[in-house]
file coords.cif (mmCIF, N, CA and C atoms)
data_data
#
loop_
_atom_site.label_atom_id
_atom_site.label_comp_id
_atom_site.auth_asym_id
_atom_site.auth_seq_id
_atom_site.Cartn_x
_atom_site.Cartn_y
_atom_site.Cartn_z
N MET A 24 120.20 83.03 86.99
CA MET A 24 120.98 83.95 87.79
C MET A 24 122.44 83.52 87.70
N ASP A 25 123.28 84.48 87.34
CA ASP A 25 124.70 84.14 87.24
C ASP A 25 125.39 84.29 88.61
N ASP A 26 126.65 83.89 88.66
CA ASP A 26 127.40 83.91 89.93
C ASP A 26 127.50 85.32 90.51
N LYS A 27 127.69 86.32 89.67
CA LYS A 27 127.81 87.70 90.15
C LYS A 27 126.52 88.16 90.80
N GLN A 28 125.39 87.91 90.15
CA GLN A 28 124.09 88.30 90.71
C GLN A 28 123.82 87.58 92.02
N PHE A 29 124.17 86.30 92.06
CA PHE A 29 123.96 85.53 93.28
C PHE A 29 124.80 86.10 94.42
N GLU A 30 126.05 86.46 94.13
CA GLU A 30 126.92 87.02 95.17
C GLU A 30 126.40 88.37 95.66
N GLU A 31 125.86 89.19 94.76
CA GLU A 31 125.28 90.47 95.16
C GLU A 31 124.07 90.26 96.05
N LEU A 32 123.24 89.29 95.69
CA LEU A 32 122.08 88.97 96.49
C LEU A 32 122.49 88.46 97.87
N LEU A 33 123.45 87.58 97.91
CA LEU A 33 123.94 87.04 99.17
C LEU A 33 124.53 88.16 100.05
N GLN A 34 125.26 89.08 99.45
CA GLN A 34 125.84 90.20 100.21
C GLN A 34 124.74 91.10 100.76
N SER A 35 123.67 91.30 100.00
CA SER A 35 122.58 92.14 100.48
C SER A 35 121.88 91.49 101.68
N VAL A 36 121.78 90.17 101.68
CA VAL A 36 121.20 89.45 102.82
C VAL A 36 122.11 89.59 104.04
N ARG A 37 123.42 89.48 103.82
CA ARG A 37 124.37 89.68 104.93
C ARG A 37 124.26 91.10 105.49
N ASP A 38 124.17 92.09 104.59
CA ASP A 38 124.04 93.49 105.02
C ASP A 38 122.76 93.69 105.82
N MET A 39 121.68 93.06 105.39
CA MET A 39 120.42 93.17 106.10
C MET A 39 120.57 92.62 107.51
N GLY A 40 121.23 91.49 107.66
CA GLY A 40 121.45 90.91 108.98
C GLY A 40 122.29 91.83 109.85
N SER A 41 123.32 92.41 109.28
CA SER A 41 124.16 93.36 110.03
C SER A 41 123.35 94.57 110.45
N HIS A 42 122.54 95.08 109.53
CA HIS A 42 121.70 96.25 109.82
C HIS A 42 120.73 95.94 110.96
N MET A 43 120.12 94.77 110.92
CA MET A 43 119.18 94.37 111.97
C MET A 43 119.87 94.21 113.32
N ASP A 44 121.16 93.89 113.30
CA ASP A 44 121.94 93.77 114.53
C ASP A 44 122.43 95.12 115.03
N GLY A 45 122.08 96.20 114.31
CA GLY A 45 122.47 97.53 114.74
C GLY A 45 123.83 97.99 114.25
N LYS A 46 124.43 97.21 113.37
CA LYS A 46 125.74 97.58 112.83
C LYS A 46 125.57 98.55 111.66
N VAL A 47 126.56 99.39 111.46
CA VAL A 47 126.54 100.34 110.35
C VAL A 47 126.81 99.59 109.05
N VAL A 48 125.96 99.84 108.08
CA VAL A 48 126.09 99.22 106.77
C VAL A 48 126.22 100.34 105.75
N ALA A 49 127.24 100.28 104.92
CA ALA A 49 127.47 101.32 103.91
C ALA A 49 126.24 101.45 103.01
N GLY A 50 125.78 102.66 102.84
CA GLY A 50 124.66 102.93 101.95
C GLY A 50 123.28 102.76 102.58
N ALA A 51 123.22 102.25 103.80
CA ALA A 51 121.92 102.05 104.45
C ALA A 51 121.45 103.37 105.05
N LYS A 52 120.21 103.68 104.85
CA LYS A 52 119.63 104.89 105.42
C LYS A 52 118.82 104.49 106.65
N VAL A 53 119.14 105.12 107.75
CA VAL A 53 118.43 104.85 109.00
C VAL A 53 117.65 106.09 109.37
N HIS A 54 116.35 105.94 109.50
CA HIS A 54 115.50 107.06 109.89
C HIS A 54 115.08 106.86 111.34
N GLU A 55 115.58 107.70 112.19
CA GLU A 55 115.22 107.64 113.59
C GLU A 55 114.06 108.59 113.84
N PHE A 56 113.03 108.08 114.42
CA PHE A 56 111.90 108.91 114.77
C PHE A 56 111.97 109.18 116.26
N PRO A 57 111.71 110.40 116.65
CA PRO A 57 111.80 110.71 118.08
C PRO A 57 110.82 109.86 118.89
N GLU A 58 111.26 109.50 120.06
CA GLU A 58 110.43 108.72 120.98
C GLU A 58 109.22 109.57 121.38
N PRO A 59 108.00 109.04 121.24
CA PRO A 59 106.84 109.84 121.62
C PRO A 59 106.78 110.01 123.14
N ASP A 60 106.44 111.20 123.58
CA ASP A 60 106.23 111.45 125.00
C ASP A 60 104.77 111.12 125.28
N VAL A 61 104.53 109.86 125.58
CA VAL A 61 103.16 109.34 125.69
C VAL A 61 102.38 110.09 126.77
N LYS A 62 103.00 110.34 127.89
CA LYS A 62 102.31 111.04 128.98
C LYS A 62 101.88 112.44 128.54
N ALA A 63 102.77 113.17 127.89
CA ALA A 63 102.44 114.52 127.43
C ALA A 63 101.32 114.48 126.39
N ILE A 64 101.38 113.49 125.50
CA ILE A 64 100.34 113.34 124.48
C ILE A 64 98.99 113.10 125.15
N ARG A 65 98.97 112.17 126.10
CA ARG A 65 97.71 111.87 126.80
C ARG A 65 97.20 113.07 127.56
N GLU A 66 98.09 113.76 128.26
CA GLU A 66 97.67 114.91 129.06
C GLU A 66 97.09 116.02 128.19
N ARG A 67 97.60 116.18 126.97
CA ARG A 67 97.05 117.19 126.05
C ARG A 67 95.61 116.87 125.67
N THR A 68 95.24 115.59 125.72
CA THR A 68 93.86 115.22 125.39
C THR A 68 92.92 115.48 126.54
N GLY A 69 93.48 115.60 127.75
CA GLY A 69 92.65 115.80 128.93
C GLY A 69 91.99 114.51 129.43
N LEU A 70 92.43 113.37 128.92
CA LEU A 70 91.82 112.10 129.29
C LEU A 70 92.62 111.41 130.40
N SER A 71 91.91 110.60 131.17
CA SER A 71 92.57 109.78 132.19
C SER A 71 93.35 108.66 131.50
N GLN A 72 94.23 108.01 132.24
CA GLN A 72 94.97 106.89 131.67
C GLN A 72 94.03 105.80 131.19
N SER A 73 93.04 105.46 132.00
CA SER A 73 92.16 104.35 131.62
C SER A 73 91.33 104.70 130.38
N ARG A 74 90.85 105.92 130.29
CA ARG A 74 90.03 106.32 129.14
C ARG A 74 90.90 106.38 127.87
N PHE A 75 92.07 106.98 127.97
CA PHE A 75 92.98 107.08 126.84
C PHE A 75 93.36 105.69 126.35
N ALA A 76 93.71 104.81 127.29
CA ALA A 76 94.08 103.44 126.93
C ALA A 76 92.93 102.75 126.19
N TYR A 77 91.72 102.92 126.70
CA TYR A 77 90.55 102.32 126.05
C TYR A 77 90.39 102.84 124.62
N LEU A 78 90.54 104.14 124.45
CA LEU A 78 90.32 104.74 123.13
C LEU A 78 91.38 104.33 122.10
N ILE A 79 92.62 104.06 122.55
CA ILE A 79 93.64 103.63 121.59
C ILE A 79 93.75 102.11 121.52
N GLY A 80 92.95 101.41 122.34
CA GLY A 80 92.87 99.95 122.23
C GLY A 80 93.98 99.19 122.91
N VAL A 81 94.51 99.74 124.02
CA VAL A 81 95.52 99.03 124.79
C VAL A 81 95.08 98.93 126.24
N LYS A 82 95.72 98.05 126.98
CA LYS A 82 95.42 97.92 128.40
C LYS A 82 96.03 99.10 129.15
N PRO A 83 95.37 99.53 130.23
CA PRO A 83 95.94 100.63 131.02
C PRO A 83 97.37 100.37 131.48
N LYS A 84 97.69 99.13 131.80
CA LYS A 84 99.04 98.80 132.25
C LYS A 84 100.05 99.05 131.12
N THR A 85 99.66 98.75 129.89
CA THR A 85 100.53 99.02 128.74
C THR A 85 100.80 100.51 128.63
N LEU A 86 99.75 101.31 128.76
CA LEU A 86 99.90 102.76 128.70
C LEU A 86 100.81 103.25 129.82
N GLN A 87 100.63 102.73 131.02
CA GLN A 87 101.49 103.12 132.14
C GLN A 87 102.95 102.78 131.85
N ASN A 88 103.19 101.61 131.29
CA ASN A 88 104.56 101.22 130.94
C ASN A 88 105.16 102.17 129.90
N TRP A 89 104.36 102.60 128.94
CA TRP A 89 104.84 103.56 127.96
C TRP A 89 105.17 104.89 128.63
N GLU A 90 104.27 105.35 129.48
CA GLU A 90 104.47 106.64 130.13
C GLU A 90 105.68 106.64 131.05
N GLN A 91 105.99 105.50 131.63
CA GLN A 91 107.13 105.40 132.54
C GLN A 91 108.39 104.90 131.84
N HIS A 92 108.34 104.84 130.51
CA HIS A 92 109.48 104.47 129.66
C HIS A 92 110.05 103.08 129.96
N ARG A 93 109.19 102.19 130.44
CA ARG A 93 109.61 100.80 130.63
C ARG A 93 109.52 100.01 129.34
N VAL A 94 108.56 100.42 128.51
CA VAL A 94 108.32 99.76 127.21
C VAL A 94 108.07 100.87 126.20
N ARG A 95 108.51 100.65 124.95
CA ARG A 95 108.30 101.63 123.89
C ARG A 95 107.11 101.23 123.03
N PRO A 96 106.25 102.17 122.70
CA PRO A 96 105.18 101.84 121.75
C PRO A 96 105.79 101.59 120.37
N THR A 97 105.21 100.65 119.64
CA THR A 97 105.72 100.32 118.31
C THR A 97 104.58 100.25 117.31
N GLY A 98 104.93 100.18 116.07
CA GLY A 98 103.98 99.93 114.98
C GLY A 98 102.79 100.86 114.95
N PRO A 99 101.60 100.29 114.81
CA PRO A 99 100.39 101.11 114.69
C PRO A 99 100.15 102.00 115.90
N ALA A 100 100.51 101.53 117.09
CA ALA A 100 100.30 102.35 118.29
C ALA A 100 101.14 103.62 118.20
N ARG A 101 102.36 103.47 117.74
CA ARG A 101 103.25 104.63 117.60
C ARG A 101 102.70 105.61 116.56
N ALA A 102 102.17 105.08 115.47
CA ALA A 102 101.57 105.94 114.43
C ALA A 102 100.35 106.66 114.98
N LEU A 103 99.52 105.95 115.72
CA LEU A 103 98.33 106.57 116.29
C LEU A 103 98.71 107.66 117.29
N LEU A 104 99.74 107.42 118.10
CA LEU A 104 100.20 108.43 119.05
C LEU A 104 100.68 109.69 118.31
N LYS A 105 101.32 109.50 117.17
CA LYS A 105 101.78 110.64 116.39
C LYS A 105 100.59 111.45 115.87
N ILE A 106 99.54 110.77 115.45
CA ILE A 106 98.32 111.44 114.99
C ILE A 106 97.69 112.21 116.14
N VAL A 107 97.58 111.58 117.30
CA VAL A 107 96.97 112.23 118.46
C VAL A 107 97.82 113.42 118.92
N GLN A 108 99.13 113.29 118.79
CA GLN A 108 100.01 114.40 119.15
C GLN A 108 99.72 115.60 118.26
N ALA A 109 99.51 115.36 116.98
CA ALA A 109 99.22 116.45 116.04
C ALA A 109 97.81 116.98 116.21
N ASN A 110 96.87 116.11 116.59
CA ASN A 110 95.48 116.51 116.75
C ASN A 110 94.88 115.79 117.94
N PRO A 111 94.93 116.39 119.13
CA PRO A 111 94.43 115.73 120.34
C PRO A 111 92.97 115.29 120.28
N ASN A 112 92.18 115.88 119.39
CA ASN A 112 90.78 115.50 119.27
C ASN A 112 90.55 114.31 118.35
N ALA A 113 91.61 113.81 117.73
CA ALA A 113 91.48 112.72 116.77
C ALA A 113 90.82 111.49 117.39
N LEU A 114 91.18 111.15 118.61
CA LEU A 114 90.59 109.97 119.26
C LEU A 114 89.10 110.13 119.46
N LEU A 115 88.70 111.30 119.86
CA LEU A 115 87.27 111.52 120.10
C LEU A 115 86.49 111.44 118.80
N MET A 116 87.09 111.89 117.71
CA MET A 116 86.41 111.82 116.41
C MET A 116 86.23 110.37 115.97
N LEU A 117 87.19 109.51 116.32
CA LEU A 117 87.10 108.10 115.94
C LEU A 117 86.01 107.37 116.69
N HIS A 118 85.71 107.83 117.89
CA HIS A 118 84.79 107.11 118.75
C HIS A 118 83.46 107.83 118.97
N THR A 119 83.06 108.65 118.02
CA THR A 119 81.75 109.31 118.14
C THR A 119 80.82 108.83 117.07
#

call {"tool": "encode", "arguments": {"input": "coords.cif", "output": "structure tokens"}}
result
Amino acid sequence: MDDKQFEELLQSVRDMGSHMDGKVVAGAKVHEFPEPDVKAIRERTGLSQSRFAYLIGVKPKTLQNWEQHRVRPTGPARALLKIVQANPNALLMLHT
């Protein structure tokens, strides 16, 4: 690796750190996904908080925190909520 390549690599690491800190980085694409309305998603299924929480594999308190916007769902939970939003019967199909 020559000096130019090393400097480019080092700059990309610096840019990544800036991006992770929420700073604007030239050329970086940021995809914002809308915050899921967990309560509305659950209500569309017709399930209680405890049953919905059980079916998605979280504690009822976690679900309550999501519904009251104290904590945001992340990762696989967020993906699963998006699936349930598109198809409210998806959870029931997984557990039959």

call {"tool": "resolve_selection", "arguments": {"input": "coords.cif", "expression": "the PyMOL selection byres (((chain A and resi 104-113 and name CA) around 8) and name CA)", "output": "compact mmCIF listing (two decimals) with N, CA and C atoms, in the coordinates of the input"}}
result
# COMPACT_ATOMS: atom_id res chain seq x y z
N PRO A 59 108.00 109.04 121.24
CA PRO A 59 106.84 109.84 121.62
C PRO A 59 106.78 110.01 123.14
N VAL A 61 104.53 109.86 125.58
CA VAL A 61 103.16 109.34 125.69
C VAL A 61 102.38 110.09 126.77
N ILE A 64 101.38 113.49 125.50
CA ILE A 64 100.34 113.34 124.48
C ILE A 64 98.99 113.10 125.15
N ARG A 67 97.60 116.18 126.97
CA ARG A 67 97.05 117.19 126.05
C ARG A 67 95.61 116.87 125.67
N THR A 68 95.24 115.59 125.72
CA THR A 68 93.86 115.22 125.39
C THR A 68 92.92 115.48 126.54
N ALA A 100 100.51 101.53 117.09
CA ALA A 100 100.30 102.35 118.29
C ALA A 100 101.14 103.62 118.20
N ARG A 101 102.36 103.47 117.74
CA ARG A 101 103.25 104.63 117.60
C ARG A 101 102.70 105.61 116.56
N ALA A 102 102.17 105.08 115.47
CA ALA A 102 101.57 105.94 114.43
C ALA A 102 100.35 106.66 114.98
N LEU A 103 99.52 105.95 115.72
CA LEU A 103 98.33 106.57 116.29
C LEU A 103 98.71 107.66 117.29
N LEU A 114 91.18 111.15 118.61
CA LEU A 114 90.59 109.97 119.26
C LEU A 114 89.10 110.13 119.46
N LEU A 115 88.70 111.30 119.86
CA LEU A 115 87.27 111.52 120.10
C LEU A 115 86.49 111.44 118.80
N MET A 116 87.09 111.89 117.71
CA MET A 116 86.41 111.82 116.41
C MET A 116 86.23 110.37 115.97
N LEU A 117 87.19 109.51 116.32
CA LEU A 117 87.10 108.10 115.94
C LEU A 117 86.01 107.37 116.69

call {"tool": "residues_around", "arguments": {"input": "coords.cif", "residues": "Asp38 of chain A", "least_positions_apart": "6", "cutoff": "12 Å", "atoms": "only C-alpha atoms", "output": "list in words"}}
result
Glu31, Leu32, Asp44, Gly45, Lys46, Val47, Val48, Ala49, Gly50 and Ala51 of chain A

call {"tool": "closest_residue", "arguments": {"input": "coords.cif", "among": "A:Ala63, A:Phe75, A:Pro83, A:Glu58", "to": "Pro96 of chain A", "atoms": "all atoms listed in the file"}}
result
A:Glu58

call {"tool": "axis_aligned_box", "arguments": {"input": "coords.cif", "around": "segment 75-87 of chain A", "padding_each_side": "5 Å", "output": "AutoDock Vina command-line options"}}
result
--center_x 96.6 --center_y 102.5 --center_z 126.9 --size_x 22.6 --size_y 19.2 --size_z 20.7

call {"tool": "select_by_dssp", "arguments": {"input": "coords.cif", "residues": "chain A", "states": "alpha helix (DSSP H)", "output": "MDAnalysis selection string"}}
result
chainID A and resid 26:43 61:68 72:79 83:90 98:109 113:117

call {"tool": "closest_residue", "arguments": {"input": "coords.cif", "among": "A:His42, A:His118, A:Arg37, A:Lys62", "to": "Gln91 of chain A", "atoms": "only C-alpha atoms"}}
result
A:Lys62

call {"tool": "atom_distance", "arguments": {"input": "coords.cif", "atom1": "atom N of Lys82 of chain A", "atom2": "atom N of Pro57 of chain A"}}
result
22.7 Å

call {"tool": "atom_distance", "arguments": {"input": "coords.cif", "atom1": "atom C of Lys84 of chain A", "atom2": "atom C of Gln72 of chain A"}}
result
9.0 Å

call {"tool": "atom_distance", "arguments": {"input": "coords.cif", "atom1": "atom C of Gly80 of chain A", "atom2": "atom CA of Thr97 of chain A"}}
result
12.7 Å

call {"tool": "closest_residue", "arguments": {"input": "coords.cif", "among": "A:Leu33, A:Arg65, A:Gln28, A:Val94", "to": "Leu78 of chain A", "atoms": "only C-alpha atoms"}}
result
A:Arg65
